[in-house]
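Dropping input22.txt in here (compact mmCIF, C-alpha atoms and all ligand atoms):
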# COMPACT_ATOMS: atom_id res chain seq x y z
CA MET A 1 107.46 85.92 99.63
CA SER A 2 110.50 83.92 100.64
CA ALA A 3 111.94 81.60 98.01
CA ARG A 4 112.08 78.81 100.59
CA LYS A 5 109.06 76.67 101.18
CA ARG A 6 107.08 77.88 104.17
CA PRO A 7 103.58 77.70 105.64
CA TYR A 8 100.85 80.19 104.78
CA VAL A 9 101.06 82.59 107.73
CA THR A 10 98.13 84.43 109.29
CA LEU A 11 98.75 87.07 111.95
CA ALA A 12 95.83 87.37 114.38
CA TYR A 13 95.68 89.81 117.26
CA ALA A 14 93.41 92.20 119.10
CA GLN A 15 94.09 95.88 119.59
CA SER A 16 92.44 98.97 121.03
CA LEU A 17 91.46 102.07 119.03
CA ASP A 18 94.93 103.50 119.64
CA GLY A 19 96.67 100.31 118.49
CA SER A 20 97.56 98.92 121.91
CA ILE A 21 97.70 95.16 122.30
CA ALA A 22 98.46 95.17 126.04
CA GLY A 23 98.27 97.49 129.03
CA ASP A 24 100.96 100.04 129.84
CA THR A 25 103.15 97.55 131.69
CA GLY A 26 102.50 94.74 129.24
CA ARG A 27 99.73 93.27 131.36
CA PRO A 28 97.16 91.26 129.35
CA LEU A 29 93.97 93.15 128.58
CA GLY A 30 91.30 90.75 127.34
CA LEU A 31 90.45 93.12 124.50
CA SER A 32 88.24 90.75 122.50
CA GLY A 33 84.57 90.39 123.29
CA PRO A 34 82.82 86.97 123.34
CA SER A 35 82.04 86.89 119.59
CA SER A 36 85.53 87.81 118.45
CA LEU A 37 87.02 85.41 120.98
CA GLN A 38 84.96 82.69 119.34
CA LEU A 39 86.39 83.74 115.99
CA THR A 40 89.90 83.40 117.48
CA HIS A 41 89.11 79.82 118.46
CA GLU A 42 87.65 79.10 115.01
CA LEU A 43 90.88 80.40 113.52
CA ARG A 44 92.93 78.18 115.83
CA ALA A 45 90.89 75.14 114.77
CA ALA A 46 91.48 75.99 111.11
CA HIS A 47 95.28 76.07 111.43
CA ASP A 48 97.86 73.30 111.72
CA ALA A 49 99.99 75.21 114.21
CA ILE A 50 99.89 78.31 116.38
CA LEU A 51 102.95 80.38 117.30
CA VAL A 52 103.69 83.00 119.97
CA GLY A 53 106.83 84.60 121.35
CA ILE A 54 108.24 83.89 124.79
CA GLY A 55 107.20 87.40 125.91
CA THR A 56 103.56 86.40 125.47
CA VAL A 57 104.03 83.15 127.38
CA LEU A 58 105.71 84.99 130.26
CA SER A 59 102.98 87.63 130.50
CA ASP A 60 99.81 85.73 129.52
CA ASP A 61 100.60 82.01 130.00
CA PRO A 62 98.28 81.14 127.07
CA GLN A 63 96.88 77.67 126.42
CA LEU A 64 96.71 78.12 122.64
CA ASN A 65 94.05 75.44 122.31
CA VAL A 66 90.50 75.33 120.96
CA ARG A 67 87.92 75.71 123.71
CA LEU A 68 85.05 77.88 122.48
CA VAL A 69 84.20 75.91 119.35
CA THR A 70 84.46 72.28 118.37
CA GLY A 71 87.70 71.59 116.56
CA ARG A 72 91.19 70.25 116.59
CA ASP A 73 93.90 71.92 118.70
CA PRO A 74 96.73 73.31 116.57
CA GLN A 75 100.35 72.39 117.32
CA PRO A 76 101.64 75.01 119.80
CA ILE A 77 104.99 76.66 119.02
CA VAL A 78 106.97 79.13 121.15
CA VAL A 79 109.87 81.22 119.85
CA ASP A 80 112.31 81.35 122.75
CA SER A 81 115.99 82.00 122.02
CA ARG A 82 117.09 81.86 125.66
CA LEU A 83 114.83 78.99 126.73
CA ARG A 84 113.08 81.02 129.39
CA LEU A 85 109.92 78.91 129.09
CA PRO A 86 108.81 78.26 132.70
CA ASP A 87 108.32 74.62 133.75
CA ARG A 88 104.90 75.37 135.09
CA CYS A 89 103.45 77.30 132.14
CA HIS A 90 100.40 75.79 130.42
CA LEU A 91 102.35 74.96 127.28
CA LEU A 92 104.78 72.74 129.17
CA SER A 93 102.37 71.24 131.65
CA ASN A 94 99.41 70.38 129.42
CA GLY A 95 101.11 67.43 127.69
CA ARG A 96 100.58 68.80 124.18
CA GLY A 97 104.23 68.50 123.19
CA ALA A 98 104.89 72.13 122.34
CA TRP A 99 107.58 72.88 119.79
CA VAL A 100 110.10 75.37 121.13
CA ALA A 101 112.05 77.24 118.47
CA THR A 102 115.41 78.24 119.90
CA THR A 103 118.91 78.84 118.54
CA ASP A 104 121.97 76.67 117.99
CA ASP A 105 123.50 78.51 120.96
CA ALA A 106 121.05 76.99 123.45
CA SER A 107 122.79 75.01 126.18
CA ASP A 108 122.27 71.24 126.34
CA GLU A 109 121.18 71.64 129.94
CA ALA A 110 118.41 74.09 129.05
CA VAL A 111 117.30 71.90 126.13
CA SER A 112 117.14 68.87 128.46
CA ARG A 113 115.00 70.77 130.96
CA ILE A 114 112.47 71.61 128.26
CA THR A 115 112.47 68.20 126.54
CA ALA A 116 111.99 66.50 129.93
CA LYS A 117 108.63 68.29 130.01
CA GLY A 118 107.61 66.65 126.72
CA ALA A 119 108.40 69.55 124.41
CA ASP A 120 110.30 69.29 121.15
CA VAL A 121 113.17 71.78 120.92
CA LEU A 122 114.06 73.00 117.43
CA ARG A 123 117.60 74.37 117.25
CA LEU A 124 117.74 77.01 114.55
CA PRO A 125 120.23 79.58 113.31
CA ALA A 126 120.43 82.77 115.36
CA LEU A 127 120.09 86.28 113.98
CA GLU A 128 122.78 88.87 114.78
CA ASN A 129 120.90 89.98 117.91
CA GLY A 130 120.65 86.39 119.16
CA TRP A 131 116.99 85.93 118.24
CA VAL A 132 115.69 82.93 116.32
CA ASP A 133 115.86 83.18 112.53
CA LEU A 134 112.19 83.01 111.57
CA GLU A 135 112.85 82.19 107.92
CA SER A 136 114.68 79.01 108.97
CA THR A 137 111.90 78.30 111.46
CA MET A 138 109.32 78.51 108.69
CA ALA A 139 111.35 76.12 106.52
CA VAL A 140 111.46 73.57 109.35
CA LEU A 141 107.73 73.92 109.96
CA ALA A 142 107.09 73.30 106.27
CA GLU A 143 109.29 70.17 106.44
CA ARG A 144 107.20 69.03 109.40
CA GLY A 145 104.02 69.33 107.36
CA THR A 146 102.71 72.65 108.68
CA SER A 147 100.87 74.26 105.81
CA HIS A 148 98.87 76.89 107.74
CA LEU A 149 100.38 78.74 110.69
CA LEU A 150 98.52 81.16 112.98
CA VAL A 151 100.73 83.75 114.69
CA GLU A 152 99.08 85.31 117.75
CA GLY A 153 101.79 87.72 118.90
CA GLY A 154 103.09 89.49 120.82
CA ALA A 155 104.42 92.78 119.52
CA ARG A 156 108.01 91.71 118.80
CA ILE A 157 106.93 88.56 117.02
CA LEU A 158 104.33 90.39 114.91
CA THR A 159 106.95 92.97 113.99
CA SER A 160 109.53 90.33 113.07
CA PHE A 161 107.11 88.40 110.85
CA LEU A 162 106.20 91.59 109.00
CA LYS A 163 109.78 92.81 108.68
CA ALA A 164 110.90 89.44 107.34
CA ARG A 165 107.93 89.37 104.93
CA LEU A 166 106.87 86.03 106.32
CA ALA A 167 103.18 86.90 106.73
CA ASP A 168 100.39 86.50 104.20
CA TYR A 169 97.14 87.43 105.92
CA VAL A 170 95.98 89.45 108.91
CA VAL A 171 92.92 89.09 111.11
CA LEU A 172 92.71 92.14 113.35
CA THR A 173 90.12 92.53 116.08
CA MET A 174 89.63 96.13 117.15
CA ALA A 175 87.98 96.80 120.48
CA PRO A 176 86.17 100.17 120.68
CA ARG A 177 88.23 101.68 123.48
CA PHE A 178 91.44 103.55 124.08
CA VAL A 179 94.16 102.00 126.20
CA GLY A 180 97.43 103.90 125.79
CA GLY A 181 99.45 100.74 126.29
CA VAL A 182 101.92 98.57 124.37
CA PRO A 183 101.65 99.15 120.60
CA ALA A 184 101.12 96.23 118.20
CA LEU A 185 104.47 96.85 116.49
CA VAL A 186 107.87 97.71 117.91
CA GLN A 187 109.92 99.77 115.54
CA HIS A 188 113.53 100.76 115.96
CA GLU A 189 114.38 101.44 112.36
CA LEU A 190 112.43 102.32 109.27
CA SER A 191 111.45 99.30 107.27
CA PRO A 192 108.84 98.88 104.61
CA PHE A 193 105.64 97.54 106.12
CA PRO A 194 102.85 96.06 104.04
CA GLU A 195 99.23 97.05 103.59
CA LEU A 196 96.05 95.04 103.41
CA THR A 197 94.59 94.38 100.01
CA SER A 198 91.16 92.95 99.26
CA TRP A 199 90.22 93.24 102.91
CA LYS A 200 86.84 92.72 104.48
CA SER A 201 85.36 93.88 107.75
CA GLU A 202 82.63 92.70 110.03
CA ARG A 203 81.19 93.81 113.32
CA LEU A 204 81.27 90.99 115.88
CA GLY A 205 79.47 92.05 119.04
CA GLU A 206 81.12 95.33 120.07
CA ASP A 207 84.30 94.65 118.08
CA LEU A 208 85.32 95.39 114.51
CA VAL A 209 87.16 92.58 112.73
CA LEU A 210 89.28 93.49 109.72
CA ALA A 211 90.83 90.75 107.61
CA GLY A 212 92.81 90.74 104.41
CA GLU A 213 95.87 89.74 102.45
CA LEU A 214 99.14 91.55 102.95
CA SER A 215 101.05 93.14 100.14
CA TRP A 216 104.28 95.13 99.99
CA SER A 217 104.27 98.08 97.63
CA ASP A 218 107.79 97.32 96.37
CA ALA A 219 107.20 93.58 95.88
N1 LIG B 301 96.27 91.69 122.09
C1 LIG B 301 96.76 90.60 121.55
O1 LIG B 301 96.20 90.04 120.60
C2 LIG B 301 98.03 90.00 122.09
C3 LIG B 301 98.45 88.75 121.63
C4 LIG B 301 99.65 88.23 122.15
C5 LIG B 301 100.39 88.96 123.05
N2 LIG B 301 99.93 90.17 123.48
C6 LIG B 301 100.73 90.98 124.41
O2 LIG B 301 102.01 91.17 123.85
C7 LIG B 301 102.95 91.33 124.90
C8 LIG B 301 104.15 90.47 124.61
O3 LIG B 301 104.80 90.99 123.48
P1 LIG B 301 106.38 91.02 123.45
O4 LIG B 301 106.78 91.80 122.25
O5 LIG B 301 106.89 91.45 124.77
O6 LIG B 301 106.76 89.48 123.33
P2 LIG B 301 106.58 88.39 122.16
O7 LIG B 301 106.47 89.05 120.83
O8 LIG B 301 105.53 87.44 122.58
O9 LIG B 301 107.97 87.62 122.27
C9 LIG B 301 109.13 88.33 121.91
C10 LIG B 301 110.34 87.59 122.39
O10 LIG B 301 110.52 86.39 121.62
C11 LIG B 301 111.89 86.13 121.51
N3 LIG B 301 112.29 86.04 120.10
C12 LIG B 301 113.20 85.14 119.64
N4 LIG B 301 113.37 85.27 118.34
C13 LIG B 301 112.57 86.30 117.94
C14 LIG B 301 112.36 86.93 116.68
N5 LIG B 301 112.97 86.52 115.56
N6 LIG B 301 111.50 87.96 116.62
C15 LIG B 301 110.87 88.39 117.73
N7 LIG B 301 111.03 87.84 118.95
C16 LIG B 301 111.89 86.79 119.06
C17 LIG B 301 112.63 87.29 122.19
O11 LIG B 301 112.90 86.91 123.54
P3 LIG B 301 114.26 86.12 123.85
O12 LIG B 301 115.37 87.04 123.49
O13 LIG B 301 114.20 85.79 125.29
O14 LIG B 301 114.20 84.91 122.98
C18 LIG B 301 111.59 88.38 122.18
O15 LIG B 301 111.75 89.34 123.20
C19 LIG B 301 102.25 90.94 126.19
O16 LIG B 301 101.98 92.12 126.93
C20 LIG B 301 100.97 90.28 125.73
O17 LIG B 301 99.92 90.49 126.64
C21 LIG B 301 98.77 90.71 123.00
Would you encode the structure as structure tokens?
Ligand SMILES: NC(=O)c1ccc[n+]([C@@H]2O[C@H](COP(=O)([O-])OP(=O)(O)OC[C@H]3O[C@@H](n4cnc5c(N)ncnc54)[C@H](OP(=O)(O)O)[C@@H]3O)[C@@H](O)[C@H]2O)c1
Amino acid sequence: MSARKRPYVTLAYAQSLDGSIAGDTGRPLGLSGPSSLQLTHELRAAHDAILVGIGTVLSDDPQLNVRLVTGRDPQPIVVDSRLRLPDRCHLLSNGRGAWVATTDDASDEAVSRITAKGADVLRLPALENGWVDLESTMAVLAERGTSHLLVEGGARILTSFLKARLADYVVLTMAPRFVGGVPALVQHELSPFPELTSWKSERLGEDLVLAGELSWSDA
């Protein structure tokens, strides 16, 4: 775990039997059945904030709110280093004041466009490839009082959280079908990935839900 203060981070996503989280062209799949979708909304209600990458906003336009159970909406957060967030996406048009994590390199003009829509832009250090430094993002979220963060994807964001060792718990919904689409993790170099310890599983409708704490063998 990072030495800096950060929220407790849960990764939650749905995949097919072959580990796909989206269709072959990245199109959304609706993998979760009704019971596991309800669990997703229970998880949202149990977290202070919910985070996705800009890739997910561009392909799925998610609302990231609590609709299927009674509960409080978490604070929505988008990681978006180039401020590509469209004006008309749900997260900018629903008045929930999304937090947009971008880099110090973001132009004032782009920041103004997003803030004019009621969002709060967090300027954070950039990584070498221009992406947002997630460790710094987590420190800012902790300062803002976020103690439990739900990360719902997509693939690049899930990969980055795991590579940076910024994740504590995983809730994986597995739908009983093959897809042959976009894998849950993108991997360009070998890096040590964690495993689940003290996990539990449950069948919810037609889906299998697996949940447990992450641990790195060399930690
Ligand atoms: N089945 C599920 O549970 C589920 C859940 C969510 C999404 N999805 C699917 O996942 C797909 C989207 O995944 P994706 O990998 O394309 O997009 P993503 O993970 O949602 O967003 C990745 C983008 O975020 C930005 N970013 C900035 N800093 C980053 C960092 N430190 N680490 C990672 N990304 C950073 C980058 O774009 P910039 O360079 O522009 O900043 C990057 O390309 C969609 O097809 C969606 O349907 C599935």
>> Calculated over all atoms listed in the file, which of the candidates A:Gln15, A:Ser20, A:Ser36, A:Pro74 has the smallest distance to A:Ser147?
In response: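 Of A:Gln15, A:Ser20, A:Ser36, A:Pro74, the one nearest A:Ser147, counting all atoms listed in the file, is A:Pro74.
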>> Please list as a PyMOL selection string every residue within 8 Å of stretch 173-179 of chain A, counting all atoms listed in the file and excluding residues in the same chain fewer than 3 positions away.
In response: chain A and resi 12-18+20+23-24+31-33+36+206-210
> Quick one: of A:Phe161, A:Phe193, A:Trp216, A:Tyr169, who's nearest to ligand LIG 301 (chain B), counting all atoms listed in the file?
Replying inline: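 Using all atoms listed in the file, the shortest distance to ligand LIG 301 (chain B) belongs to A:Phe161.
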> Residues at most 6 Å from ligand LIG 301 (chain B), using all atoms listed in the file? Could they come as a VMD selection string?
Replying inline: chain A and resid 13 to 15 21 to 22 26 to 28 52 to 56 59 to 60 79 to 82 131 to 134 152 to 157 160
> atom CA of A:Ala49 to atom CA of A:Leu149: how many Å, to one decimal?
Replying inline: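 Between atom CA of A:Ala49 and atom CA of A:Leu149 the gap works out to 5.0 Å.
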> Which one is closest to A:Gly19: A:Ala219, A:Val186, A:Cys89, A:Ala211? Count only C-alpha atoms.
Replying inline: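 Checking each of A:Ala219, A:Val186, A:Cys89, A:Ala211 against A:Gly19, counting only C-alpha atoms, the winner is A:Val186.
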Using the block above, I'd like stretch 30-69 of chain A written out, keeping N, CA and C atoms and formatting it as a PDB file, in the first residue's frame.
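File written: decode23.pdb
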ATOM      1  N   GLY A  30     -23.509  -4.883 -21.460  1.00  0.00           N
ATOM      2  CA  GLY A  30     -24.581  -5.227 -20.517  1.00  0.00           C
ATOM      3  C   GLY A  30     -24.420  -6.652 -20.034  1.00  0.00           C
ATOM      4  N   LEU A  31     -23.228  -6.955 -19.479  1.00  0.00           N
ATOM      5  CA  LEU A  31     -22.930  -8.329 -19.085  1.00  0.00           C
ATOM      6  C   LEU A  31     -23.688  -8.774 -17.842  1.00  0.00           C
ATOM      7  N   SER A  32     -23.955  -7.846 -16.926  1.00  0.00           N
ATOM      8  CA  SER A  32     -24.556  -8.231 -15.646  1.00  0.00           C
ATOM      9  C   SER A  32     -26.048  -8.476 -15.788  1.00  0.00           C
ATOM     10  N   GLY A  33     -26.518  -9.524 -15.141  1.00  0.00           N
ATOM     11  CA  GLY A  33     -27.954  -9.775 -15.062  1.00  0.00           C
ATOM     12  C   GLY A  33     -28.590  -8.873 -14.010  1.00  0.00           C
ATOM     13  N   PRO A  34     -29.935  -8.939 -13.853  1.00  0.00           N
ATOM     14  CA  PRO A  34     -30.633  -8.033 -12.928  1.00  0.00           C
ATOM     15  C   PRO A  34     -30.125  -8.109 -11.486  1.00  0.00           C
ATOM     16  N   SER A  35     -29.824  -9.308 -10.985  1.00  0.00           N
ATOM     17  CA  SER A  35     -29.410  -9.421  -9.571  1.00  0.00           C
ATOM     18  C   SER A  35     -28.017  -8.839  -9.358  1.00  0.00           C
ATOM     19  N   SER A  36     -27.113  -9.087 -10.286  1.00  0.00           N
ATOM     20  CA  SER A  36     -25.771  -8.525 -10.090  1.00  0.00           C
ATOM     21  C   SER A  36     -25.753  -7.024 -10.372  1.00  0.00           C
ATOM     22  N   LEU A  37     -26.659  -6.579 -11.244  1.00  0.00           N
ATOM     23  CA  LEU A  37     -26.774  -5.120 -11.431  1.00  0.00           C
ATOM     24  C   LEU A  37     -27.230  -4.447 -10.139  1.00  0.00           C
ATOM     25  N   GLN A  38     -28.144  -5.120  -9.451  1.00  0.00           N
ATOM     26  CA  GLN A  38     -28.597  -4.573  -8.162  1.00  0.00           C
ATOM     27  C   GLN A  38     -27.433  -4.505  -7.174  1.00  0.00           C
ATOM     28  N   LEU A  39     -26.592  -5.533  -7.202  1.00  0.00           N
ATOM     29  CA  LEU A  39     -25.412  -5.508  -6.326  1.00  0.00           C
ATOM     30  C   LEU A  39     -24.518  -4.317  -6.678  1.00  0.00           C
ATOM     31  N   THR A  40     -24.356  -4.048  -7.969  1.00  0.00           N
ATOM     32  CA  THR A  40     -23.547  -2.896  -8.398  1.00  0.00           C
ATOM     33  C   THR A  40     -24.092  -1.614  -7.776  1.00  0.00           C
ATOM     34  N   HIS A  41     -25.412  -1.475  -7.784  1.00  0.00           N
ATOM     35  CA  HIS A  41     -26.001  -0.252  -7.234  1.00  0.00           C
ATOM     36  C   HIS A  41     -25.875  -0.221  -5.707  1.00  0.00           C
ATOM     37  N   GLU A  42     -25.937  -1.392  -5.074  1.00  0.00           N
ATOM     38  CA  GLU A  42     -25.697  -1.432  -3.619  1.00  0.00           C
ATOM     39  C   GLU A  42     -24.265  -0.996  -3.326  1.00  0.00           C
ATOM     40  N   LEU A  43     -23.345  -1.461  -4.154  1.00  0.00           N
ATOM     41  CA  LEU A  43     -21.937  -1.066  -3.956  1.00  0.00           C
ATOM     42  C   LEU A  43     -21.774   0.441  -4.122  1.00  0.00           C
ATOM     43  N   ARG A  44     -22.413   0.990  -5.153  1.00  0.00           N
ATOM     44  CA  ARG A  44     -22.331   2.440  -5.362  1.00  0.00           C
ATOM     45  C   ARG A  44     -22.830   3.180  -4.132  1.00  0.00           C
ATOM     46  N   ALA A  45     -23.964   2.728  -3.584  1.00  0.00           N
ATOM     47  CA  ALA A  45     -24.547   3.419  -2.423  1.00  0.00           C
ATOM     48  C   ALA A  45     -23.646   3.311  -1.197  1.00  0.00           C
ATOM     49  N   ALA A  46     -22.798   2.290  -1.171  1.00  0.00           N
ATOM     50  CA  ALA A  46     -21.944   2.073   0.003  1.00  0.00           C
ATOM     51  C   ALA A  46     -20.603   2.808  -0.109  1.00  0.00           C
ATOM     52  N   HIS A  47     -20.383   3.513  -1.212  1.00  0.00           N
ATOM     53  CA  HIS A  47     -19.100   4.209  -1.397  1.00  0.00           C
ATOM     54  C   HIS A  47     -19.285   5.726  -1.431  1.00  0.00           C
ATOM     55  N   ASP A  48     -18.237   6.427  -1.006  1.00  0.00           N
ATOM     56  CA  ASP A  48     -18.284   7.898  -1.028  1.00  0.00           C
ATOM     57  C   ASP A  48     -18.194   8.426  -2.444  1.00  0.00           C
ATOM     58  N   ALA A  49     -17.400   7.748  -3.267  1.00  0.00           N
ATOM     59  CA  ALA A  49     -17.135   8.249  -4.620  1.00  0.00           C
ATOM     60  C   ALA A  49     -16.983   7.081  -5.570  1.00  0.00           C
ATOM     61  N   ILE A  50     -17.223   7.375  -6.858  1.00  0.00           N
ATOM     62  CA  ILE A  50     -17.120   6.347  -7.896  1.00  0.00           C
ATOM     63  C   ILE A  50     -16.297   6.924  -9.043  1.00  0.00           C
ATOM     64  N   LEU A  51     -15.353   6.144  -9.543  1.00  0.00           N
ATOM     65  CA  LEU A  51     -14.406   6.667 -10.550  1.00  0.00           C
ATOM     66  C   LEU A  51     -14.410   5.791 -11.798  1.00  0.00           C
ATOM     67  N   VAL A  52     -14.382   6.447 -12.957  1.00  0.00           N
ATOM     68  CA  VAL A  52     -14.171   5.742 -14.237  1.00  0.00           C
ATOM     69  C   VAL A  52     -13.187   6.550 -15.073  1.00  0.00           C
ATOM     70  N   GLY A  53     -12.672   5.907 -16.113  1.00  0.00           N
ATOM     71  CA  GLY A  53     -11.803   6.596 -17.064  1.00  0.00           C
ATOM     72  C   GLY A  53     -12.633   7.240 -18.164  1.00  0.00           C
ATOM     73  N   ILE A  54     -11.995   8.158 -18.869  1.00  0.00           N
ATOM     74  CA  ILE A  54     -12.681   8.873 -19.951  1.00  0.00           C
ATOM     75  C   ILE A  54     -13.103   7.908 -21.068  1.00  0.00           C
ATOM     76  N   GLY A  55     -12.349   6.821 -21.259  1.00  0.00           N
ATOM     77  CA  GLY A  55     -12.722   5.839 -22.289  1.00  0.00           C
ATOM     78  C   GLY A  55     -14.109   5.274 -22.028  1.00  0.00           C
ATOM     79  N   THR A  56     -14.412   5.032 -20.768  1.00  0.00           N
ATOM     80  CA  THR A  56     -15.723   4.493 -20.393  1.00  0.00           C
ATOM     81  C   THR A  56     -16.816   5.535 -20.606  1.00  0.00           C
ATOM     82  N   VAL A  57     -16.525   6.781 -20.291  1.00  0.00           N
ATOM     83  CA  VAL A  57     -17.534   7.828 -20.517  1.00  0.00           C
ATOM     84  C   VAL A  57     -17.821   7.947 -22.013  1.00  0.00           C
ATOM     85  N   LEU A  58     -16.763   7.915 -22.825  1.00  0.00           N
ATOM     86  CA  LEU A  58     -16.959   8.088 -24.269  1.00  0.00           C
ATOM     87  C   LEU A  58     -17.714   6.908 -24.879  1.00  0.00           C
ATOM     88  N   SER A  59     -17.520   5.711 -24.339  1.00  0.00           N
ATOM     89  CA  SER A  59     -18.210   4.570 -24.966  1.00  0.00           C
ATOM     90  C   SER A  59     -19.555   4.268 -24.316  1.00  0.00           C
ATOM     91  N   ASP A  60     -19.682   4.470 -23.011  1.00  0.00           N
ATOM     92  CA  ASP A  60     -20.911   4.036 -22.316  1.00  0.00           C
ATOM     93  C   ASP A  60     -21.790   5.191 -21.839  1.00  0.00           C
ATOM     94  N   ASP A  61     -21.239   6.386 -21.721  1.00  0.00           N
ATOM     95  CA  ASP A  61     -21.948   7.531 -21.129  1.00  0.00           C
ATOM     96  C   ASP A  61     -22.691   7.136 -19.837  1.00  0.00           C
ATOM     97  N   PRO A  62     -21.961   6.629 -18.837  1.00  0.00           N
ATOM     98  CA  PRO A  62     -22.622   6.132 -17.618  1.00  0.00           C
ATOM     99  C   PRO A  62     -23.166   7.264 -16.749  1.00  0.00           C
ATOM    100  N   GLN A  63     -24.152   6.925 -15.929  1.00  0.00           N
ATOM    101  CA  GLN A  63     -24.708   7.916 -14.986  1.00  0.00           C
ATOM    102  C   GLN A  63     -24.014   7.829 -13.629  1.00  0.00           C
ATOM    103  N   LEU A  64     -23.528   6.658 -13.293  1.00  0.00           N
ATOM    104  CA  LEU A  64     -22.792   6.430 -12.038  1.00  0.00           C
ATOM    105  C   LEU A  64     -23.587   6.829 -10.808  1.00  0.00           C
ATOM    106  N   ASN A  65     -24.898   6.664 -10.872  1.00  0.00           N
ATOM    107  CA  ASN A  65     -25.716   6.977  -9.691  1.00  0.00           C
ATOM    108  C   ASN A  65     -26.405   5.705  -9.181  1.00  0.00           C
ATOM    109  N   VAL A  66     -27.185   5.874  -8.128  1.00  0.00           N
ATOM    110  CA  VAL A  66     -27.860   4.732  -7.494  1.00  0.00           C
ATOM    111  C   VAL A  66     -29.317   4.752  -7.931  1.00  0.00           C
ATOM    112  N   ARG A  67     -29.722   3.767  -8.703  1.00  0.00           N
ATOM    113  CA  ARG A  67     -31.096   3.745  -9.206  1.00  0.00           C
ATOM    114  C   ARG A  67     -31.859   2.495  -8.792  1.00  0.00           C
ATOM    115  N   LEU A  68     -31.181   1.382  -8.612  1.00  0.00           N
ATOM    116  CA  LEU A  68     -31.901   0.117  -8.423  1.00  0.00           C
ATOM    117  C   LEU A  68     -32.112  -0.237  -6.959  1.00  0.00           C
ATOM    118  N   VAL A  69     -31.519   0.529  -6.074  1.00  0.00           N
ATOM    119  CA  VAL A  69     -31.752   0.340  -4.640  1.00  0.00           C
ATOM    120  C   VAL A  69     -31.931   1.737  -4.043  1.00  0.00           C
TER     121      VAL A  69
END
